[in-house]
$ cat final03.pdb   # PDB, C-alpha atoms
ATOM      1  CA  MET B  30    -148.802  45.813 157.371
ATOM      2  CA  THR B  31    -145.443  44.460 158.609
ATOM      3  CA  ALA B  32    -142.555  46.716 159.601
ATOM      4  CA  ALA B  33    -140.559  45.403 156.641
ATOM      5  CA  ARG B  34    -143.269  46.444 154.198
ATOM      6  CA  ILE B  35    -143.635  49.857 155.801
ATOM      7  CA  VAL B  36    -139.884  50.456 155.550
ATOM      8  CA  ARG B  37    -139.798  49.156 151.983
ATOM      9  CA  ASP B  38    -142.558  51.523 150.904
ATOM     10  CA  ARG B  39    -140.835  54.493 152.528
ATOM     11  CA  ILE B  40    -137.524  53.659 150.863
ATOM     12  CA  VAL B  41    -139.252  53.289 147.488
ATOM     13  CA  GLU B  42    -140.822  56.718 148.020
ATOM     14  CA  ALA B  43    -137.433  58.187 148.977
ATOM     15  CA  VAL B  44    -135.850  56.729 145.842
ATOM     16  CA  SER B  45    -138.599  58.266 143.726
ATOM     17  CA  THR B  46    -138.191  61.654 145.387
ATOM     18  CA  SER B  47    -134.382  61.726 145.213
ATOM     19  CA  GLY B  48    -133.940  60.160 141.794
ATOM     20  CA  PHE B  49    -131.445  57.669 143.209
ATOM     21  CA  GLY B  50    -130.561  55.075 140.548
ATOM     22  CA  ALA B  51    -131.747  51.990 142.426
ATOM     23  CA  HIS B  52    -132.024  48.571 140.810
ATOM     24  CA  GLY B  53    -133.254  46.368 143.648
ATOM     25  CA  LEU B  54    -134.294  46.556 147.298
ATOM     26  CA  HIS B  55    -134.740  43.903 149.963
ATOM     27  CA  VAL B  56    -135.774  44.670 153.550
ATOM     28  CA  ARG B  57    -135.611  42.227 156.436
ATOM     29  CA  ILE B  58    -136.815  43.264 159.907
ATOM     30  CA  GLY B  59    -137.177  40.472 162.433
ATOM     31  CA  ALA B  60    -138.858  37.609 160.577
ATOM     32  CA  GLY B  61    -140.608  39.928 158.115
ATOM     33  CA  GLU B  62    -139.295  40.709 154.662
ATOM     34  CA  ALA B  63    -140.280  42.774 151.658
ATOM     35  CA  GLU B  64    -138.694  43.644 148.336
ATOM     36  CA  HIS B  65    -139.040  45.936 145.349
ATOM     37  CA  ARG B  66    -137.456  46.058 141.913
ATOM     38  CA  TRP B  67    -136.812  48.861 139.495
ATOM     39  CA  THR B  68    -134.909  46.605 137.062
ATOM     40  CA  PRO B  69    -134.704  42.802 136.587
ATOM     41  CA  ASP B  70    -132.830  40.882 139.293
ATOM     42  CA  VAL B  71    -129.740  40.070 137.251
ATOM     43  CA  LEU B  72    -126.137  39.462 138.248
ATOM     44  CA  GLU B  73    -124.291  42.684 139.069
ATOM     45  CA  ASP B  74    -120.824  43.348 140.450
ATOM     46  CA  VAL B  75    -121.278  44.123 144.152
ATOM     47  CA  HIS B  76    -117.890  45.874 144.179
ATOM     48  CA  SER B  77    -116.552  46.378 147.724
ATOM     49  CA  VAL B  78    -119.320  44.321 149.329
ATOM     50  CA  ALA B  79    -117.021  41.537 148.111
ATOM     51  CA  LYS B  80    -114.522  42.650 150.761
ATOM     52  CA  GLY B  81    -117.036  41.525 153.379
ATOM     53  CA  VAL B  82    -117.366  38.168 151.652
ATOM     54  CA  CYS B  83    -113.573  37.830 151.762
ATOM     55  CA  VAL B  84    -113.656  38.549 155.501
ATOM     56  CA  LEU B  85    -116.169  35.705 155.833
ATOM     57  CA  ALA B  86    -113.786  33.421 153.912
ATOM     58  CA  ALA B  87    -110.926  34.259 156.266
ATOM     59  CA  ALA B  88    -113.204  33.902 159.306
ATOM     60  CA  ILE B  89    -114.355  30.434 158.241
ATOM     61  CA  ALA B  90    -110.728  29.431 157.661
ATOM     62  CA  ALA B  91    -109.815  30.741 161.128
ATOM     63  CA  ASP B  92    -112.705  28.742 162.613
ATOM     64  CA  GLU B  93    -111.253  25.663 160.927
ATOM     65  CA  GLY B  94    -107.764  26.402 162.259
ATOM     66  CA  ALA B  95    -106.301  26.918 158.787
ATOM     67  CA  ILE B  96    -105.207  30.502 159.336
ATOM     68  CA  SER B  97    -104.802  33.147 162.026
ATOM     69  CA  PHE B  98    -105.717  36.811 161.757
ATOM     70  CA  ASP B  99    -102.908  37.841 164.090
ATOM     71  CA  VAL B 100     -99.664  36.300 162.884
ATOM     72  CA  PRO B 101     -97.489  37.978 160.232
ATOM     73  CA  VAL B 102     -99.075  37.410 156.849
ATOM     74  CA  THR B 103     -95.640  36.581 155.436
ATOM     75  CA  VAL B 104     -95.845  33.301 157.369
ATOM     76  CA  TYR B 105     -98.287  32.159 154.676
ATOM     77  CA  VAL B 106     -96.243  33.470 151.724
ATOM     78  CA  PRO B 107     -92.654  33.032 152.945
ATOM     79  CA  ASP B 108     -91.121  33.286 149.458
ATOM     80  CA  PHE B 109     -92.540  36.788 148.855
ATOM     81  CA  GLU B 110     -90.113  39.699 149.024
ATOM     82  CA  ARG B 111     -91.092  41.984 151.884
ATOM     83  CA  GLY B 112     -90.651  45.696 152.410
ATOM     84  CA  GLU B 113     -89.485  47.375 155.591
ATOM     85  CA  GLY B 114     -91.971  46.791 158.429
ATOM     86  CA  VAL B 115     -94.025  44.241 156.472
ATOM     87  CA  ASP B 116     -92.991  41.438 158.843
ATOM     88  CA  GLU B 117     -95.363  43.045 161.370
ATOM     89  CA  VAL B 118     -98.370  43.129 159.017
ATOM     90  CA  THR B 119    -101.080  40.577 159.809
ATOM     91  CA  LEU B 120    -104.165  39.341 158.003
ATOM     92  CA  ARG B 121    -106.227  41.533 160.331
ATOM     93  CA  HIS B 122    -104.237  44.592 159.255
ATOM     94  CA  LEU B 123    -104.839  43.751 155.600
ATOM     95  CA  LEU B 124    -108.580  43.269 156.086
ATOM     96  CA  THR B 125    -108.956  46.465 158.159
ATOM     97  CA  MET B 126    -106.897  48.467 155.629
ATOM     98  CA  SER B 127    -104.391  49.343 158.351
ATOM     99  CA  SER B 128    -101.221  47.707 156.993
ATOM    100  CA  GLY B 129     -99.649  51.091 156.261
ATOM    101  CA  ILE B 130     -98.603  49.854 152.812
ATOM    102  CA  ASP B 131     -99.086  52.478 150.116
ATOM    103  CA  LEU B 132    -100.679  51.112 146.934
ATOM    104  CA  PRO B 133    -103.873  53.014 146.135
ATOM    105  CA  TRP B 134    -106.617  51.890 143.787
ATOM    106  CA  SER B 135    -106.355  52.446 140.062
ATOM    107  CA  GLU B 136    -108.300  51.164 137.065
ATOM    108  CA  THR B 137    -105.297  49.074 136.006
ATOM    109  CA  LEU B 138    -104.442  47.859 139.508
ATOM    110  CA  MET B 139    -104.750  44.148 138.657
ATOM    111  CA  THR B 140    -102.509  44.324 135.569
ATOM    112  CA  ASP B 141     -99.841  46.906 136.410
ATOM    113  CA  TRP B 142     -97.608  44.238 137.989
ATOM    114  CA  PRO B 143     -96.963  40.552 137.256
ATOM    115  CA  ASP B 144     -98.285  39.772 140.763
ATOM    116  CA  LEU B 145    -100.178  42.440 142.684
ATOM    117  CA  ALA B 146     -99.778  40.678 146.056
ATOM    118  CA  ARG B 147     -96.006  40.444 145.619
ATOM    119  CA  GLU B 148     -95.854  44.096 144.626
ATOM    120  CA  PHE B 149     -97.933  45.074 147.660
ATOM    121  CA  LEU B 150     -95.832  43.192 150.187
ATOM    122  CA  ARG B 151     -92.493  44.316 148.778
ATOM    123  CA  ARG B 152     -93.395  47.946 149.515
ATOM    124  CA  PRO B 153     -92.618  49.374 152.973
ATOM    125  CA  SER B 154     -95.186  49.661 155.738
ATOM    126  CA  ARG B 155     -95.577  53.043 157.446
ATOM    127  CA  GLY B 156     -97.069  51.465 160.558
ATOM    128  CA  ARG B 157    -100.735  51.234 161.420
ATOM    129  CA  ARG B 158    -102.040  53.833 158.979
ATOM    130  CA  PHE B 159    -105.369  53.476 157.219
ATOM    131  CA  GLN B 160    -105.385  53.322 153.443
ATOM    132  CA  TYR B 161    -108.297  51.839 151.570
ATOM    133  CA  SER B 162    -107.074  49.690 148.680
ATOM    134  CA  ASN B 163    -108.310  46.649 146.794
ATOM    135  CA  ALA B 164    -104.696  45.461 146.801
ATOM    136  CA  SER B 165    -104.938  44.907 150.554
ATOM    137  CA  THR B 166    -107.890  42.509 150.276
ATOM    138  CA  TYR B 167    -106.338  40.812 147.250
ATOM    139  CA  THR B 168    -103.134  40.197 149.207
ATOM    140  CA  ALA B 169    -105.106  38.819 152.157
ATOM    141  CA  MET B 170    -106.852  36.335 149.869
ATOM    142  CA  THR B 171    -103.534  35.407 148.256
ATOM    143  CA  ALA B 172    -102.254  34.487 151.718
ATOM    144  CA  LEU B 173    -105.461  32.571 152.460
ATOM    145  CA  SER B 174    -105.167  30.626 149.209
ATOM    146  CA  ALA B 175    -101.761  29.369 150.339
ATOM    147  CA  ARG B 176    -103.588  27.471 153.116
ATOM    148  CA  VAL B 177    -106.986  26.573 151.650
ATOM    149  CA  GLY B 178    -106.454  26.491 147.889
ATOM    150  CA  ASP B 179    -108.586  28.502 145.490
ATOM    151  CA  VAL B 180    -110.640  30.935 147.579
ATOM    152  CA  GLY B 181    -113.514  30.938 145.090
ATOM    153  CA  ASP B 182    -113.867  27.169 145.408
ATOM    154  CA  TYR B 183    -113.485  27.413 149.186
ATOM    155  CA  LEU B 184    -116.339  29.940 149.389
ATOM    156  CA  ASP B 185    -118.540  27.879 147.069
ATOM    157  CA  ALA B 186    -118.373  24.910 149.429
ATOM    158  CA  ARG B 187    -118.580  26.714 152.766
ATOM    159  CA  LEU B 188    -120.654  29.833 152.104
ATOM    160  CA  PHE B 189    -122.361  30.170 148.758
ATOM    161  CA  ARG B 190    -123.835  26.684 148.342
ATOM    162  CA  PRO B 191    -125.151  26.557 151.937
ATOM    163  CA  LEU B 192    -126.865  29.902 151.206
ATOM    164  CA  GLY B 193    -128.354  28.515 148.000
ATOM    165  CA  ILE B 194    -126.169  30.706 145.777
ATOM    166  CA  ASP B 195    -124.963  28.671 142.800
ATOM    167  CA  ASP B 196    -122.592  29.184 139.872
ATOM    168  CA  VAL B 197    -120.669  32.132 141.316
ATOM    169  CA  VAL B 198    -118.092  33.337 138.797
ATOM    170  CA  TRP B 199    -115.580  35.834 140.211
ATOM    171  CA  THR B 200    -113.555  38.144 138.018
ATOM    172  CA  ARG B 201    -109.988  36.896 138.340
ATOM    173  CA  SER B 202    -106.525  38.379 138.185
ATOM    174  CA  PRO B 203    -104.027  37.370 135.486
ATOM    175  CA  ASN B 204    -102.687  34.883 138.069
ATOM    176  CA  GLY B 205    -106.085  33.195 138.308
ATOM    177  CA  ARG B 206    -106.879  34.405 141.819
ATOM    178  CA  ILE B 207    -110.215  36.019 142.687
ATOM    179  CA  GLN B 208    -110.028  39.815 142.526
ATOM    180  CA  ALA B 209    -111.301  39.822 146.126
ATOM    181  CA  GLY B 210    -111.823  43.573 146.553
ATOM    182  CA  GLY B 211    -114.532  43.438 143.887
ATOM    183  CA  GLY B 212    -115.424  41.404 140.851
ATOM    184  CA  LEU B 213    -118.163  39.376 142.557
ATOM    185  CA  PRO B 214    -121.431  39.265 140.560
ATOM    186  CA  LEU B 215    -124.553  38.610 142.626
ATOM    187  CA  ARG B 216    -128.270  39.231 142.352
ATOM    188  CA  THR B 217    -129.947  41.522 144.876
ATOM    189  CA  SER B 218    -131.708  38.494 146.341
ATOM    190  CA  GLU B 219    -128.364  36.695 146.750
ATOM    191  CA  MET B 220    -126.666  39.650 148.385
ATOM    192  CA  ALA B 221    -129.646  39.815 150.735
ATOM    193  CA  ARG B 222    -128.939  36.242 151.890
ATOM    194  CA  ILE B 223    -125.401  37.242 152.812
ATOM    195  CA  GLY B 224    -126.863  40.222 154.653
ATOM    196  CA  LEU B 225    -129.223  37.982 156.603
ATOM    197  CA  LEU B 226    -126.369  35.644 157.557
ATOM    198  CA  ILE B 227    -124.437  38.637 158.887
ATOM    199  CA  ARG B 228    -127.453  40.078 160.689
ATOM    200  CA  ASP B 229    -127.995  36.704 162.369
ATOM    201  CA  ARG B 230    -124.343  36.596 163.485
ATOM    202  CA  GLY B 231    -123.266  33.712 161.295
ATOM    203  CA  TRP B 232    -126.342  31.488 161.609
ATOM    204  CA  TRP B 233    -128.242  30.221 158.568
ATOM    205  CA  GLN B 234    -131.311  28.003 158.894
ATOM    206  CA  GLY B 235    -130.136  26.481 162.146
ATOM    207  CA  THR B 236    -126.493  26.007 161.124
ATOM    208  CA  GLN B 237    -123.666  28.288 162.178
ATOM    209  CA  LEU B 238    -121.556  28.918 159.081
ATOM    210  CA  VAL B 239    -119.314  31.545 160.719
ATOM    211  CA  SER B 240    -118.564  32.109 164.403
ATOM    212  CA  SER B 241    -120.513  35.058 165.816
ATOM    213  CA  GLY B 242    -117.384  36.760 167.096
ATOM    214  CA  TRP B 243    -116.135  37.265 163.552
ATOM    215  CA  ILE B 244    -119.430  38.826 162.540
ATOM    216  CA  ASP B 245    -119.205  41.215 165.481
ATOM    217  CA  ALA B 246    -115.657  42.106 164.431
ATOM    218  CA  MET B 247    -116.962  43.224 161.050
ATOM    219  CA  HIS B 248    -118.352  46.347 162.701
ATOM    220  CA  GLU B 249    -116.969  46.626 166.231
ATOM    221  CA  ASN B 250    -113.692  48.212 167.387
ATOM    222  CA  GLY B 251    -112.844  49.605 163.979
ATOM    223  CA  VAL B 252    -109.735  51.567 163.113
ATOM    224  CA  VAL B 253    -109.758  55.333 162.616
ATOM    225  CA  ALA B 254    -110.272  55.880 158.899
ATOM    226  CA  GLY B 255    -110.671  59.647 158.597
ATOM    227  CA  PRO B 256    -112.708  62.675 159.628
ATOM    228  CA  ASN B 257    -115.769  62.292 157.388
ATOM    229  CA  PRO B 258    -118.999  60.984 158.981
ATOM    230  CA  GLY B 259    -119.806  57.510 157.690
ATOM    231  CA  TYR B 260    -116.178  57.011 156.733
ATOM    232  CA  ASP B 261    -114.479  57.659 160.053
ATOM    233  CA  ARG B 262    -114.389  54.043 161.346
ATOM    234  CA  TYR B 263    -113.577  50.868 159.443
ATOM    235  CA  ALA B 264    -113.589  47.390 160.972
ATOM    236  CA  LEU B 265    -113.357  44.057 159.136
ATOM    237  CA  ALA B 266    -114.875  45.382 155.879
ATOM    238  CA  GLY B 267    -117.667  47.248 157.698
ATOM    239  CA  TRP B 268    -117.995  51.033 157.806
ATOM    240  CA  GLY B 269    -119.450  52.601 160.935
ATOM    241  CA  GLY B 270    -122.625  54.591 160.295
ATOM    242  CA  PRO B 271    -124.749  56.258 159.256
ATOM    243  CA  GLY B 272    -125.967  56.966 162.782
ATOM    244  CA  ARG B 273    -126.336  53.815 164.875
ATOM    245  CA  GLY B 274    -126.136  51.638 161.791
ATOM    246  CA  TRP B 275    -123.199  50.107 159.961
ATOM    247  CA  ARG B 276    -122.775  48.932 156.409
ATOM    248  CA  LEU B 277    -120.926  47.078 153.708
ATOM    249  CA  HIS B 278    -120.618  49.606 150.920
ATOM    250  CA  GLY B 279    -119.736  48.864 147.311
ATOM    251  CA  ALA B 280    -119.164  51.386 144.547
ATOM    252  CA  HIS B 281    -122.136  52.675 142.568
ATOM    253  CA  GLY B 282    -124.588  52.129 145.409
ATOM    254  CA  GLN B 283    -124.272  48.468 146.450
ATOM    255  CA  LEU B 284    -125.315  48.530 150.107
ATOM    256  CA  LEU B 285    -125.920  46.176 153.011
ATOM    257  CA  ILE B 286    -127.146  48.370 155.873
ATOM    258  CA  PHE B 287    -127.543  46.929 159.382
ATOM    259  CA  LEU B 288    -129.411  48.374 162.358
ATOM    260  CA  ASP B 289    -130.554  46.213 165.285
ATOM    261  CA  ASP B 290    -132.642  43.364 163.780
ATOM    262  CA  ALA B 291    -132.940  45.025 160.372
ATOM    263  CA  VAL B 292    -130.860  44.562 157.241
ATOM    264  CA  VAL B 293    -131.564  46.528 154.077
ATOM    265  CA  THR B 294    -130.038  45.405 150.785
ATOM    266  CA  ILE B 295    -129.773  47.829 147.873
ATOM    267  CA  THR B 296    -128.237  47.382 144.439
ATOM    268  CA  ALA B 297    -127.914  50.397 142.198
ATOM    269  CA  ALA B 298    -125.996  52.334 139.576
ATOM    270  CA  ASP B 299    -125.557  55.608 141.456
ATOM    271  CA  HIS B 300    -122.126  56.169 142.974
ATOM    272  CA  PHE B 301    -122.601  59.706 144.233
ATOM    273  CA  GLY B 302    -126.094  59.288 145.667
ATOM    274  CA  ALA B 303    -125.247  56.268 147.818
ATOM    275  CA  ASP B 304    -124.176  58.111 150.975
ATOM    276  CA  GLU B 305    -127.378  60.136 151.110
ATOM    277  CA  MET B 306    -129.455  57.025 150.428
ATOM    278  CA  ALA B 307    -127.732  55.092 153.221
ATOM    279  CA  ALA B 308    -128.447  57.930 155.642
ATOM    280  CA  THR B 309    -132.069  58.040 154.466
ATOM    281  CA  VAL B 310    -132.462  54.295 155.026
ATOM    282  CA  VAL B 311    -131.166  54.549 158.604
ATOM    283  CA  ASP B 312    -133.499  57.503 159.282
ATOM    284  CA  ILE B 313    -136.436  55.470 157.947
ATOM    285  CA  LEU B 314    -135.482  52.484 160.108
ATOM    286  CA  GLU B 315    -135.169  54.656 163.203
ATOM    287  CA  THR B 316    -138.531  56.310 162.505
ATOM    288  CA  ALA B 317    -140.203  52.936 161.990
ATOM    289  CA  ARG B 318    -138.735  51.665 165.237
ATOM    290  CA  ARG B 319    -140.267  54.587 167.099
ATOM    291  CA  GLY B 320    -143.597  53.681 165.555
ATOM    292  CA  ALA B 321    -143.931  56.945 163.690
TER     293      ALA B 321
END

$ encode --input "final03.pdb" --output "structure tokens"
Amino acid sequence: MTAARIVRDRIVEAVSTSGFGAHGLHVRIGAGEAEHRWTPDVLEDVHSVAKGVCVLAAAIAADEGAISFDVPVTVYVPDFERGEGVDEVTLRHLLTMSSGIDLPWSETLMTDWPDLAREFLRRPSRGRRFQYSNASTYTAMTALSARVGDVGDYLDARLFRPLGIDDVVWTRSPNGRIQAGGGLPLRTSEMARIGLLIRDRGWWQGTQLVSSGWIDAMHENGVVAGPNPGYDRYALAGWGGPGRGWRLHGAHGQLLIFLDDAVVTITAADHFGADEMAATVVDILETARRGA
């Protein structure tokens, strides 16, 4: 039995024991893969895993010379009103949640203002302080759209279609822009392809879609996010942990978990059980690697 199948079976057992509300599972270790389903493989919002996809969009645009991560983001939206200190905020700050701009998440975030990106940038920056907010990713993609056009169309051509993911329909803001911080419906199998691209440092079937350095930056040299294990470091959309692993983590249990040559994809409807499940997955991967 392959390592991927062994890990899959152990995760399935852990889900059964814990009662975690899993929908789908895909395991890739080396060249081996295995999957399991608890529900049909239908389109589901991957929530904040979409933030990682937006990082890939910005990375591809940087590879093409269309945008820079390290110039003031207001260069790309010069007509936007800007708050105190916002002239120092870069695309990298927005995508690492370290802009210092205070606009936390709310259920009505996308409709509370005529233009969420304008509202975000007109508020003052408190310096390089971490604050997790969908508004930050949305503003980053607004800036990107000023250089590449509609970001959904841009991703279709440069990421989704090369991965064999067709007919992606983002949830959009009242201004017609992709929601960016969420609102991306994918199947488990499709999210797993994105996970494999990331695991393989931007390579897909012999073609490099994203430079490897950007993939590394998704989980290396993150900013300090807080004191809680698994939420203490945040890089370009990637959370450090559990353990030696790192992950893209969407609400309600949407997980891409990376450790060495393994990537585990989980879709679910279980917000509060996701942290424990992620830790369990890393423990299972570590145990399998030791041959136990």

$ closest_residue --input "final03.pdb" --among "B:Asp131, B:Asp99, B:Glu305, B:Glu136" --to "Arg158 in chain B" --atoms "only C-alpha atoms"
B:Asp131

$ closest_atom_pairs --input "final03.pdb" --of "range 58-79 of chain B" --to "range 271-285 of chain B" --cutoff "6 Å" --atoms "all atoms listed in the file" --output "JSON lines"
{"residue": "B:Val75", "atom": "CA", "partner": "B:Gln283", "partner_atom": "CA", "distance": 5.8}
{"residue": "B:His76", "atom": "CA", "partner": "B:Gly279", "partner_atom": "CA", "distance": 4.7}
{"residue": "B:Ser77", "atom": "CA", "partner": "B:Gly279", "partner_atom": "CA", "distance": 4.1}
{"residue": "B:Val78", "atom": "CA", "partner": "B:Gly279", "partner_atom": "CA", "distance": 5.0}

$ resolve_selection --input "final03.pdb" --expression "the PyMOL selection byres ((chain B and resi 297) around 7)" --output "PyMOL selection string"
chain B and resi 50-53+281-283+295-296+298-299

$ resolve_selection --input "final03.pdb" --expression "the PyMOL selection byres ((chain B and resi 104) around 12)" --output "list in words"
Ile96, Ser97, Phe98, Asp99, Val100, Pro101, Val102, Thr103, Tyr105, Val106, Pro107, Asp108, Phe109, Glu110, Arg111, Val115, Asp116, Glu117, Val118, Thr119, Leu120, Ala169, Ala172, Leu173, Ala175 and Arg176 of chain B

$ resolve_selection --input "final03.pdb" --expression "the PyMOL selection byres ((chain B and resi 157) around 8)" --output "MDAnalysis selection string"
chainID B and resid 122 127:129 155:156 158:159

$ residues_around --input "final03.pdb" --residues "Pro203 in chain B" --least-positions-apart "4" --cutoff "8 Å" --atoms "only C-alpha atoms" --output "number ranges by chain"
B: 139-140, 143

$ atom_distance --input "final03.pdb" --atom1 "CA of Glu315 in chain B" --atom2 "CA of Ala246 in chain B"
23.2 Å

$ residues_around --input "final03.pdb" --residues "Asn163 in chain B" --least-positions-apart "3" --cutoff "7 Å" --atoms "all atoms listed in the file" --output "count of residues only"
4

$ closest_residue --input "final03.pdb" --among "B:Phe189, B:Val180, B:Ala266, B:His300" --to "Leu123 in chain B" --atoms "all atoms listed in the file"
B:Ala266

$ residues_around --input "final03.pdb" --residues "Val197 in chain B" --least-positions-apart "2" --cutoff "12 Å" --atoms "only C-alpha atoms" --output "NGL selection string"
:B and (72-74 or 180-186 or 188-190 or 192-195 or 199-200 or 207 or 212-216 or 219-220)

$ atom_distance --input "final03.pdb" --atom1 "CA of Ala63 in chain B" --atom2 "CA of Trp233 in chain B"
18.7 Å

$ atom_distance --input "final03.pdb" --atom1 "CA of Leu132 in chain B" --atom2 "CA of Ala146 in chain B"
10.5 Å

$ closest_residue --input "final03.pdb" --among "B:Thr309, B:Ser241, B:Thr168, B:Ser162" --to "Ile286 in chain B" --atoms "all atoms listed in the file"
B:Thr309

$ residues_near_point --input "final03.pdb" --point "(-107.0, 23.5, 155.9)" --cutoff "9 Å" --atoms "all atoms listed in the file" --output "ChimeraX atom specification"
/B:90,93-96,176-178
